[in-house]
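One file, protein01.cif, is given below (mmCIF, C-alpha atoms and all ligand atoms).
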data_target
#
loop_
_atom_site.label_atom_id
_atom_site.label_comp_id
_atom_site.auth_asym_id
_atom_site.auth_seq_id
_atom_site.Cartn_x
_atom_site.Cartn_y
_atom_site.Cartn_z
CA MET A 1 27.66 16.78 40.22
CA ASN A 2 28.31 15.56 36.67
CA ARG A 3 25.13 14.72 34.81
CA TYR A 4 24.92 11.91 32.29
CA LEU A 5 22.15 12.16 29.72
CA LEU A 6 21.49 8.60 28.55
CA THR A 7 18.05 9.00 26.96
CA PRO A 8 17.62 7.88 23.34
CA GLY A 9 17.12 11.43 22.20
CA PRO A 10 18.15 13.99 22.86
CA VAL A 11 21.68 12.71 23.34
CA PRO A 12 24.75 14.58 24.67
CA VAL A 13 26.09 17.15 22.22
CA ASP A 14 29.83 17.62 21.73
CA VAL A 15 31.33 20.94 22.71
CA ASP A 16 32.28 21.72 19.08
CA ALA A 17 28.68 21.38 17.93
CA SER A 18 27.45 23.40 20.91
CA LEU A 19 29.93 26.21 20.28
CA ALA A 20 29.14 26.24 16.54
CA MET A 21 25.62 27.36 17.44
CA ALA A 22 26.98 30.52 19.06
CA ARG A 23 28.27 31.86 15.74
CA PRO A 24 26.79 35.14 14.49
CA MET A 25 23.53 34.90 12.58
CA ILE A 26 23.73 35.01 8.78
CA SER A 27 21.17 35.53 6.02
CA HIS A 28 19.62 32.32 4.75
CA ARG A 29 19.73 33.84 1.25
CA GLY A 30 23.44 34.62 1.20
CA ALA A 31 26.72 33.02 0.11
CA ASP A 32 27.78 31.98 3.65
CA PHE A 33 24.58 30.02 4.08
CA HIS A 34 24.95 28.42 0.63
CA ALA A 35 28.43 27.25 1.63
CA LEU A 36 27.18 25.88 4.96
CA PHE A 37 24.21 24.02 3.45
CA GLY A 38 26.40 22.72 0.60
CA ALA A 39 28.98 21.38 3.07
CA ILE A 40 26.28 19.59 5.08
CA GLU A 41 24.93 17.97 1.92
CA LYS A 42 28.39 16.64 0.98
CA LYS A 43 28.87 15.19 4.46
CA LEU A 44 25.42 13.58 4.45
CA GLU A 45 26.21 12.04 1.05
CA ARG A 46 29.29 10.44 2.59
CA LEU A 47 27.42 9.24 5.67
CA LEU A 48 24.48 7.77 3.72
CA ARG A 49 26.68 6.69 0.76
CA SER A 50 23.87 8.12 -1.36
CA THR A 51 23.46 10.85 -3.97
CA GLY A 52 20.68 13.38 -4.35
CA PRO A 53 19.56 16.12 -2.00
CA VAL A 54 18.81 15.58 1.67
CA VAL A 55 16.03 18.00 2.59
CA LEU A 56 16.47 19.70 5.98
CA LEU A 57 13.23 20.58 7.73
CA PRO A 58 12.64 22.75 10.80
CA SER A 59 10.99 19.88 12.66
CA SER A 60 11.60 16.95 14.94
CA GLY A 61 11.67 13.39 13.60
CA THR A 62 7.90 13.19 13.72
CA GLY A 63 7.79 16.10 11.26
CA ALA A 64 10.12 14.25 8.88
CA LEU A 65 7.75 11.25 9.02
CA GLU A 66 4.78 13.57 8.47
CA CYS A 67 6.65 14.95 5.45
CA LEU A 68 6.97 11.48 3.91
CA ALA A 69 3.27 10.89 4.56
CA ALA A 70 2.25 14.20 2.93
CA ASN A 71 4.24 13.36 -0.20
CA PHE A 72 3.55 9.64 -0.64
CA ALA A 73 0.08 8.99 0.77
CA ARG A 74 -3.39 10.34 0.02
CA PRO A 75 -6.93 8.97 0.27
CA GLY A 76 -6.95 5.55 -1.36
CA THR A 77 -3.18 4.93 -1.35
CA LYS A 78 -2.61 1.31 -0.32
CA VAL A 79 -0.16 1.28 2.56
CA LEU A 80 1.33 -1.72 4.36
CA SER A 81 2.73 -0.85 7.78
CA VAL A 82 5.05 -3.21 9.63
CA SER A 83 5.57 -2.23 13.26
CA CYS A 84 7.50 -3.76 16.16
CA GLY A 85 6.91 -0.97 18.67
CA VAL A 86 5.75 2.50 19.60
CA PHE A 87 7.52 4.32 16.77
CA GLY A 88 6.34 1.90 14.08
CA ASP A 89 2.83 2.53 15.44
CA ARG A 90 3.36 6.30 15.28
CA PHE A 91 4.51 6.23 11.62
CA ARG A 92 1.39 4.17 10.88
CA GLU A 93 -0.87 6.66 12.64
CA ILE A 94 0.68 9.62 10.81
CA VAL A 95 0.18 7.97 7.42
CA ALA A 96 -3.35 6.79 8.31
CA ARG A 97 -4.39 10.43 8.82
CA THR A 98 -3.91 11.10 5.09
CA GLY A 99 -6.88 8.82 4.39
CA ALA A 100 -4.66 6.05 2.99
CA GLU A 101 -5.98 2.47 3.08
CA MET A 102 -3.89 0.83 5.79
CA THR A 103 -2.96 -2.81 6.26
CA ASN A 104 -1.10 -3.39 9.52
CA VAL A 105 1.35 -6.13 10.45
CA ASP A 106 2.57 -6.26 14.05
CA VAL A 107 5.65 -7.96 15.38
CA GLU A 108 5.90 -8.63 19.11
CA GLN A 109 7.71 -5.94 21.12
CA GLY A 110 11.31 -6.97 21.70
CA SER A 111 11.42 -9.02 18.52
CA GLY A 112 12.85 -7.84 15.21
CA VAL A 113 11.20 -7.80 11.82
CA ALA A 114 12.41 -10.83 9.86
CA PRO A 115 12.66 -10.30 6.08
CA ALA A 116 10.30 -13.22 5.37
CA ILE A 117 7.49 -11.61 7.41
CA VAL A 118 7.57 -8.53 5.21
CA ALA A 119 7.98 -10.43 1.94
CA ASP A 120 4.98 -12.62 2.79
CA ALA A 121 2.87 -9.63 3.80
CA VAL A 122 3.68 -7.78 0.56
CA LYS A 123 2.69 -10.86 -1.46
CA LYS A 124 -0.59 -11.14 0.43
CA PHE A 125 -1.39 -7.42 0.49
CA PRO A 126 -0.11 -5.71 -2.68
CA CYS A 127 0.52 -2.10 -1.74
CA ASP A 128 1.73 1.23 -3.11
CA VAL A 129 3.74 2.12 -0.02
CA LEU A 130 5.53 0.03 2.61
CA LEU A 131 6.40 1.51 6.02
CA LEU A 132 9.39 0.18 8.00
CA THR A 133 11.39 1.24 11.06
CA GLN A 134 15.15 0.73 10.99
CA ASN A 135 15.79 1.18 14.70
CA GLU A 136 12.76 0.75 17.00
CA THR A 137 13.81 3.01 19.86
CA SER A 138 11.06 1.88 22.23
CA THR A 139 12.49 -1.64 22.44
CA GLY A 140 16.09 -1.33 21.22
CA VAL A 141 15.49 -3.41 18.10
CA LEU A 142 17.55 -2.96 14.94
CA ASN A 143 15.74 -4.22 11.83
CA PRO A 144 17.80 -5.42 8.83
CA ILE A 145 16.44 -2.99 6.24
CA ALA A 146 18.83 -4.09 3.46
CA GLU A 147 17.82 -7.74 3.86
CA ILE A 148 14.13 -6.89 4.18
CA VAL A 149 14.11 -4.89 0.94
CA ALA A 150 16.22 -7.51 -0.86
CA ALA A 151 13.65 -10.19 0.06
CA LEU A 152 10.68 -8.25 -1.36
CA PRO A 153 9.10 -9.62 -4.53
CA ASP A 154 10.32 -7.61 -7.55
CA LYS A 155 6.82 -6.71 -8.53
CA ASN A 156 3.51 -6.43 -6.74
CA GLU A 157 2.39 -9.92 -7.73
CA LYS A 158 -1.34 -9.27 -7.99
CA LYS A 159 -1.02 -5.81 -9.49
CA GLY A 160 1.93 -6.69 -11.73
CA GLU A 161 3.36 -3.23 -11.08
CA ASN A 162 6.56 -1.95 -9.55
CA ARG A 163 7.39 -2.93 -6.02
CA PRO A 164 5.97 -0.52 -3.43
CA PHE A 165 7.73 2.65 -2.36
CA VAL A 166 9.74 1.64 0.70
CA LEU A 167 9.62 4.40 3.34
CA VAL A 168 11.91 3.99 6.32
CA ASP A 169 11.85 5.66 9.72
CA GLY A 170 15.56 6.08 10.32
CA VAL A 171 15.15 8.67 13.09
CA SER A 172 17.20 6.77 15.66
CA ALA A 173 19.42 4.98 13.14
CA VAL A 174 21.23 7.51 10.96
CA GLY A 175 24.63 8.45 12.37
CA ALA A 176 24.88 5.56 14.81
CA MET A 177 24.74 2.60 12.46
CA PRO A 178 25.12 2.03 8.73
CA CYS A 179 22.16 3.40 6.80
CA HIS A 180 22.66 3.32 3.02
CA PRO A 181 19.23 3.95 1.52
CA GLN A 182 20.37 4.13 -2.11
CA GLU A 183 22.38 0.88 -1.97
CA TRP A 184 19.49 -0.78 -0.13
CA SER A 185 16.80 0.35 -2.64
CA VAL A 186 14.91 2.38 -0.07
CA ASP A 187 12.71 5.13 -1.59
CA GLY A 188 12.22 7.50 1.32
CA LEU A 189 14.23 7.92 4.51
CA ALA A 190 13.31 10.19 7.41
CA THR A 191 15.61 11.06 10.26
CA ALA A 192 16.26 13.77 12.83
CA SER A 193 19.11 15.69 14.40
CA GLN A 194 18.98 14.69 18.08
CA LYS A 195 19.85 10.98 18.10
CA GLY A 196 22.59 9.36 16.01
CA LEU A 197 23.47 12.71 14.45
CA LEU A 198 24.51 14.08 17.88
CA THR A 199 22.95 17.50 17.29
CA PRO A 200 20.36 19.32 19.42
CA PRO A 201 16.69 18.61 18.59
CA GLY A 202 14.93 20.60 15.89
CA LEU A 203 16.03 19.35 12.47
CA GLY A 204 14.23 16.72 10.41
CA LEU A 205 16.01 15.20 7.41
CA VAL A 206 14.49 13.49 4.38
CA TRP A 207 16.23 11.63 1.56
CA LEU A 208 14.49 10.15 -1.51
CA SER A 209 15.49 7.74 -4.27
CA ALA A 210 15.37 8.86 -7.92
CA ARG A 211 12.08 6.97 -8.25
CA GLY A 212 10.80 8.68 -5.10
CA TRP A 213 11.66 12.14 -6.44
CA GLU A 214 9.96 11.40 -9.74
CA HIS A 215 6.83 10.42 -7.83
CA VAL A 216 6.69 13.47 -5.58
CA GLU A 217 7.53 15.87 -8.40
CA THR A 218 4.63 14.57 -10.50
CA HIS A 219 2.06 13.98 -7.73
CA GLY A 220 2.63 16.96 -5.42
CA ALA A 221 2.11 17.09 -1.67
CA SER A 222 -0.89 17.74 0.55
CA SER A 223 1.22 20.06 2.74
CA TYR A 224 2.95 23.33 1.79
CA TYR A 225 5.47 23.32 4.68
CA PHE A 226 6.46 19.71 3.94
CA ASP A 227 6.27 19.89 0.12
CA LEU A 228 9.40 18.00 -0.96
CA ALA A 229 9.25 19.14 -4.60
CA LEU A 230 9.14 22.76 -3.40
CA GLN A 231 12.10 22.11 -1.07
CA LYS A 232 14.08 20.61 -3.94
CA LYS A 233 13.35 23.59 -6.18
CA TYR A 234 15.18 25.79 -3.67
CA MET A 235 18.21 23.49 -3.53
CA LYS A 236 19.93 24.96 -6.59
CA PRO A 237 23.41 23.63 -7.41
CA ASP A 238 25.94 25.56 -5.28
CA ALA A 239 23.17 27.70 -3.79
CA HIS A 240 21.05 25.46 -1.58
CA GLU A 241 18.26 27.28 0.20
CA ASN A 242 14.96 26.50 1.87
CA PRO A 243 11.56 27.85 0.81
CA TYR A 244 11.26 29.55 4.22
CA THR A 245 13.52 30.57 7.11
CA PRO A 246 15.61 27.61 8.34
CA PRO A 247 17.01 27.16 11.89
CA VAL A 248 20.47 28.37 10.85
CA SER A 249 22.13 27.71 14.24
CA LEU A 250 21.17 24.05 14.03
CA TYR A 251 22.75 23.83 10.59
CA TYR A 252 26.04 24.97 12.16
CA ALA A 253 25.70 22.34 14.87
CA LEU A 254 24.85 19.56 12.41
CA ASP A 255 27.83 20.50 10.24
CA ALA A 256 30.18 20.24 13.24
CA ALA A 257 28.61 16.99 14.50
CA LEU A 258 28.98 15.39 11.05
CA ASP A 259 32.67 16.34 11.07
CA ALA A 260 33.15 14.48 14.34
CA ILE A 261 31.27 11.36 13.15
CA LEU A 262 33.05 11.22 9.78
CA ALA A 263 36.48 11.80 11.34
CA GLU A 264 36.34 8.47 13.20
CA PRO A 265 36.66 5.65 10.64
CA GLU A 266 35.54 3.10 13.24
CA TRP A 267 32.53 5.07 14.44
CA PHE A 268 29.89 2.43 13.68
CA ASP A 269 32.12 -0.33 14.94
CA LEU A 270 32.68 1.54 18.22
CA ARG A 271 28.94 2.00 18.72
CA GLN A 272 28.40 -1.71 18.09
CA ARG A 273 31.18 -2.75 20.47
CA ALA A 274 29.92 -0.44 23.21
CA ALA A 275 26.39 -1.83 22.82
CA ARG A 276 27.62 -5.42 23.01
CA SER A 277 29.85 -4.66 25.95
CA ILE A 278 27.01 -2.98 27.88
CA ALA A 279 24.68 -5.88 27.03
CA SER A 280 27.23 -8.37 28.32
CA GLY A 281 27.72 -6.38 31.53
CA LEU A 282 23.96 -6.05 32.05
CA GLU A 283 23.48 -9.79 31.79
CA ALA A 284 26.35 -10.44 34.20
CA LEU A 285 24.74 -7.97 36.62
CA GLY A 286 21.60 -10.11 36.47
CA PHE A 287 19.41 -7.92 34.26
CA GLU A 288 17.32 -9.38 31.44
CA LEU A 289 17.68 -7.87 27.98
CA LEU A 290 14.38 -7.17 26.23
CA VAL A 291 15.77 -8.13 22.83
CA ARG A 292 16.60 -11.82 23.23
CA ASP A 293 18.06 -12.34 19.77
CA ALA A 294 21.45 -10.60 19.75
CA ALA A 295 21.31 -10.20 15.96
CA TYR A 296 18.47 -7.67 16.36
CA ARG A 297 20.02 -5.57 19.15
CA SER A 298 20.42 -1.87 18.45
CA PRO A 299 23.88 -0.28 18.52
CA GLY A 300 22.23 2.91 19.84
CA VAL A 301 19.90 1.93 22.67
CA THR A 302 19.55 -1.04 25.03
CA ALA A 303 16.37 -2.03 26.89
CA PHE A 304 16.39 -4.26 29.99
CA SER A 305 14.57 -5.19 33.17
CA LEU A 306 15.24 -6.87 36.49
CA PRO A 307 14.89 -10.66 36.47
CA GLY A 308 11.20 -11.50 36.44
CA GLY A 309 10.34 -8.09 35.00
CA GLY A 310 10.01 -4.52 36.21
CA ILE A 311 12.74 -2.10 37.20
CA GLY A 312 12.24 -1.68 40.96
CA GLY A 313 14.00 1.39 42.27
CA VAL A 314 16.80 1.27 39.70
CA ALA A 315 15.67 4.31 37.67
CA LYS A 316 15.18 6.42 40.77
CA ASN A 317 18.57 5.41 42.16
CA LEU A 318 20.30 6.19 38.87
CA ARG A 319 18.71 9.66 38.75
CA ALA A 320 19.91 10.34 42.29
CA MET A 321 23.44 9.62 41.04
CA GLY A 322 23.09 12.06 38.13
CA ILE A 323 22.37 9.47 35.42
CA GLU A 324 19.26 10.05 33.31
CA PRO A 325 17.92 6.81 31.78
CA ALA A 326 14.67 6.46 29.81
CA GLY A 327 11.77 4.29 30.93
CA GLY A 328 9.50 2.14 28.82
CA GLN A 329 6.87 3.56 26.49
CA GLY A 330 3.31 2.39 25.79
CA ALA A 331 2.73 -1.15 27.02
CA LEU A 332 6.30 -1.29 28.39
CA LYS A 333 5.88 1.71 30.70
CA GLY A 334 7.23 0.83 34.16
CA LYS A 335 8.50 -2.52 32.87
CA ILE A 336 11.86 -1.69 31.31
CA LEU A 337 14.68 0.82 31.39
CA ARG A 338 16.45 2.06 28.28
CA LEU A 339 19.98 3.39 28.11
CA ALA A 340 21.23 5.16 25.01
CA HIS A 341 24.81 4.95 23.76
CA TYR A 342 24.68 7.11 20.64
CA HIS A 343 27.45 9.46 21.71
CA ASP A 344 31.15 8.65 21.97
CA VAL A 345 30.81 5.95 24.63
CA ARG A 346 34.13 4.16 25.25
CA TRP A 347 35.42 2.12 28.17
CA PRO A 348 35.35 4.88 30.83
CA GLU A 349 31.69 5.59 30.03
CA ILE A 350 30.82 1.88 29.96
CA ALA A 351 32.48 1.39 33.34
CA THR A 352 30.56 4.36 34.73
CA ILE A 353 27.24 3.08 33.40
CA LEU A 354 27.72 -0.49 34.67
CA GLY A 355 29.28 0.53 37.97
CA SER A 356 26.37 2.90 38.61
CA LEU A 357 23.85 0.19 37.76
CA PHE A 358 25.58 -2.13 40.22
CA ALA A 359 25.05 0.49 42.92
CA ALA A 360 21.50 1.27 41.77
CA MET A 361 20.37 -2.35 42.06
CA GLY A 362 20.29 -2.16 45.86
CA GLU A 363 18.91 -5.39 47.32
CA ARG A 364 18.77 -6.97 43.89
CA ARG A 365 22.54 -6.72 43.58
CA ASN A 366 24.56 -9.69 42.44
CA GLU A 367 27.70 -9.36 44.57
CA SER A 368 30.07 -11.30 42.32
CA GLY A 369 31.42 -8.20 40.58
CA ASP A 370 32.07 -10.24 37.43
CA PHE A 371 30.07 -7.82 35.32
CA MET A 372 33.14 -5.64 34.75
CA LYS A 373 35.13 -8.56 33.40
CA ALA A 374 32.23 -9.67 31.18
CA ALA A 375 31.94 -6.17 29.71
CA PHE A 376 35.67 -5.57 29.41
CA ASP A 377 36.27 -8.85 27.58
CA ILE A 378 33.79 -7.81 24.90
CA TRP A 379 35.18 -4.28 24.77
CA GLU A 380 38.68 -5.69 24.22
CA GLY A 381 37.39 -7.89 21.43
CA LYS A 382 37.70 -11.19 23.29
C1 LIG B 401 12.61 9.63 18.40
C2 LIG B 401 11.95 8.87 17.32
C3 LIG B 401 10.89 9.39 16.58
C4 LIG B 401 10.26 10.69 16.90
O1 LIG B 401 11.16 11.71 16.77
P1 LIG B 401 10.87 13.16 17.44
O2 LIG B 401 12.11 13.88 17.05
O3 LIG B 401 10.70 12.95 18.90
O4 LIG B 401 9.66 13.70 16.79
C5 LIG B 401 10.37 8.63 15.55
N1 LIG B 401 10.86 7.42 15.26
C6 LIG B 401 11.88 6.89 15.95
C7 LIG B 401 12.36 5.53 15.57
C8 LIG B 401 12.45 7.59 17.01
O5 LIG B 401 13.45 7.04 17.70
#

Render the structure in this file as structure tokens.
Amino acid sequence: MNRYLLTPGPVPVDVDASLAMARPMISHRGADFHALFGAIEKKLERLLRSTGPVVLLPSSGTGALECLAANFARPGTKVLSVSCGVFGDRFREIVARTGAEMTNVDVEQGSGVAPAIVADAVKKFPCDVLLLTQNETSTGVLNPIAEIVAALPDKNEKKGENRPFVLVDGVSAVGAMPCHPQEWSVDGLATASQKGLLTPPGLGLVWLSARGWEHVETHGASSYYFDLALQKKYMKPDAHENPYTPPVSLYYALDAALDAILAEPEWFDLRQRAARSIASGLEALGFELLVRDAAYRSPGVTAFSLPGGGIGGVAKNLRAMGIEPAGGQGALKGKILRLAHYHDVRWPEIATILGSLFAAMGERRNESGDFMKAAFDIWEGK
């Protein structure tokens, strides 16, 4: 039986990236590794449309967030955290453990973070650091980071100082949707290998703005393993290395996965069209989408429930067919299903997903069959 992994991380890995990991081991202090690391950096620059090093960490996404915390927060740092779900809450908890002074703003699960909410909060609570989530994977919400940062007051009004450092959890965003931290005036971006970057789990990635680098190079980090200034010191021009042994096989996989993403000029557009097509099909099937406002729907993951809430036997039925969805997390456990579409989902995959859902609905099935037309119209650009 074919198996379809549709969880929002890890996501299916292309055969080229899988095979790349089988290459012979090399020294992480030699010329072959320098060439590999250098090539990855150039590809990440293109993907992020940003300059400056991207630090690669032997960690999951949580480690990349922990790295930002260890370099930007310490006891007394004023931090404003804006969360619309489980992962916004996790970033908050990680930073709170540094002893930072936290102010928390919560947006209802399923809703997006409107720029005005953040701008108002920053005016009311002047802070050194602002925490945002680009793609809230627990609800399938995409937050408009560029617009949020553009709406921030230029200075901390009460303190009269620079605007706060903007740290963004881009773990489930990078690779699947535009993420241009330098153009957007973000100061720190954390992401990971196993979602939009279509690579197996195990690599955390961190990018900083020039202002962010200046800060971490003068203030130091509370962690050795996650010391960004130390990482940067080892990234010498044309001879990038890590301070300690990196997961070399994952570097090979990431390099191959980036090739595949960058080779498709319409990659982001395809992800967006697939998401909209699936959403349209889900609604025609009779499901309710958790994110009501289409402008905030994620191109990478879609959350939904049966009419009136809950998921009945749908998850169990899908698993019996070989399709692995994800359930809800935290307060949404048992209430929603989530399907990821980070990988190269096109019409055959969409038809498989929707056709399987039709079967999995059992008694709750809407027999009209119009869901295929609804999805196909969107896919065709109608
Ligand atoms: C998956 C995810 C994380 C956690 O990443 P791990 O790799 O599981 O540690 C953090 N934030 C977001 C938005 C995520 O989607």

Exercise for the section: Measuring atom to atom with only C-alpha atoms and all ligand atoms, identify which of A:Glu147, A:Leu203, A:Ala22, A:Phe72 is nearest to ligand LIG 401 (chain B). Expected result: A:Leu203

Exercise for the section: Please provide as a count of residues only all residues within 12 Å of A:Glu349, with the sequence filter that same-chain residues fewer than 3 positions apart are discarded (counting all atoms listed in the file). Expected result: 23

Problem - Among listed residues A:Ala17, A:Val168, A:Val141, A:Val149, nearest A:Leu289 (using only C-alpha atoms) - result: A:Val141

Practice task
Pick out the residues no farther than 8 Å from ligand LIG 401 (chain B), counting all atoms listed in the file, and list them as a VMD selection string.
Solution key: chain A and resid 8 to 9 59 to 65 87 to 88 90 to 91 133 to 138 169 to 173 191 to 195 201 to 202 204

Completion exercise
note - atom CA of A:Gln329 and atom CA of A:Ile311 are separated by 13.5 Å

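The two atoms in question, atom CA of A:Asp16 and atom CA of A:Pro200, are spaced 12.2 Å apart.
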
Exercise for the section: Give me, please, the distance in Å between atom CA of A:Leu68 and atom CA of A:Ala190, quoted to one decimal. Expected result: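 Separation of atom CA of A:Leu68 and atom CA of A:Ala190: 7.4 Å.
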
Practice task
Find the residues around stretch 205-214 of chain A up to 8 Å (all atoms listed in the file counted), leave out those fewer than 3 positions away in its own chain, and share them as a PyMOL selection string.
Solution key: chain A and resi 52-57+61+64+68+165+181-182+185-193+217-218+229

Around stretch 36-42 of chain A, fit a box with edges along x, y and z, padding it by 8 Å on each side, then list its centre and edge lengths in Å to one decimal as JSON.
{"center_x": 26.6, "center_y": 21.3, "center_z": 2.8, "size_x": 20.8, "size_y": 25.2, "size_z": 20.5}

Practice task
Find the residue from A:Leu258, A:Val216, A:Ala374, A:Leu357 that sits nearest to A:Arg276; use all atoms listed in the file when measuring.
Solution key: A:Ala374

Exercise for the section: Between A:Pro325, A:Gly38, A:Pro243, A:Pro115, single out the one closest to A:Pro58, counting all atoms listed in the file. Expected result: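 Ranking A:Pro325, A:Gly38, A:Pro243, A:Pro115 by distance to A:Pro58, first place goes to A:Pro243.
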
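Minimum atom-to-atom distance to A:Ala70, evaluated using only C-alpha atoms, belongs to A:Ala221 out of A:Ile94, A:Ala221, A:Ala303, A:Ala256.
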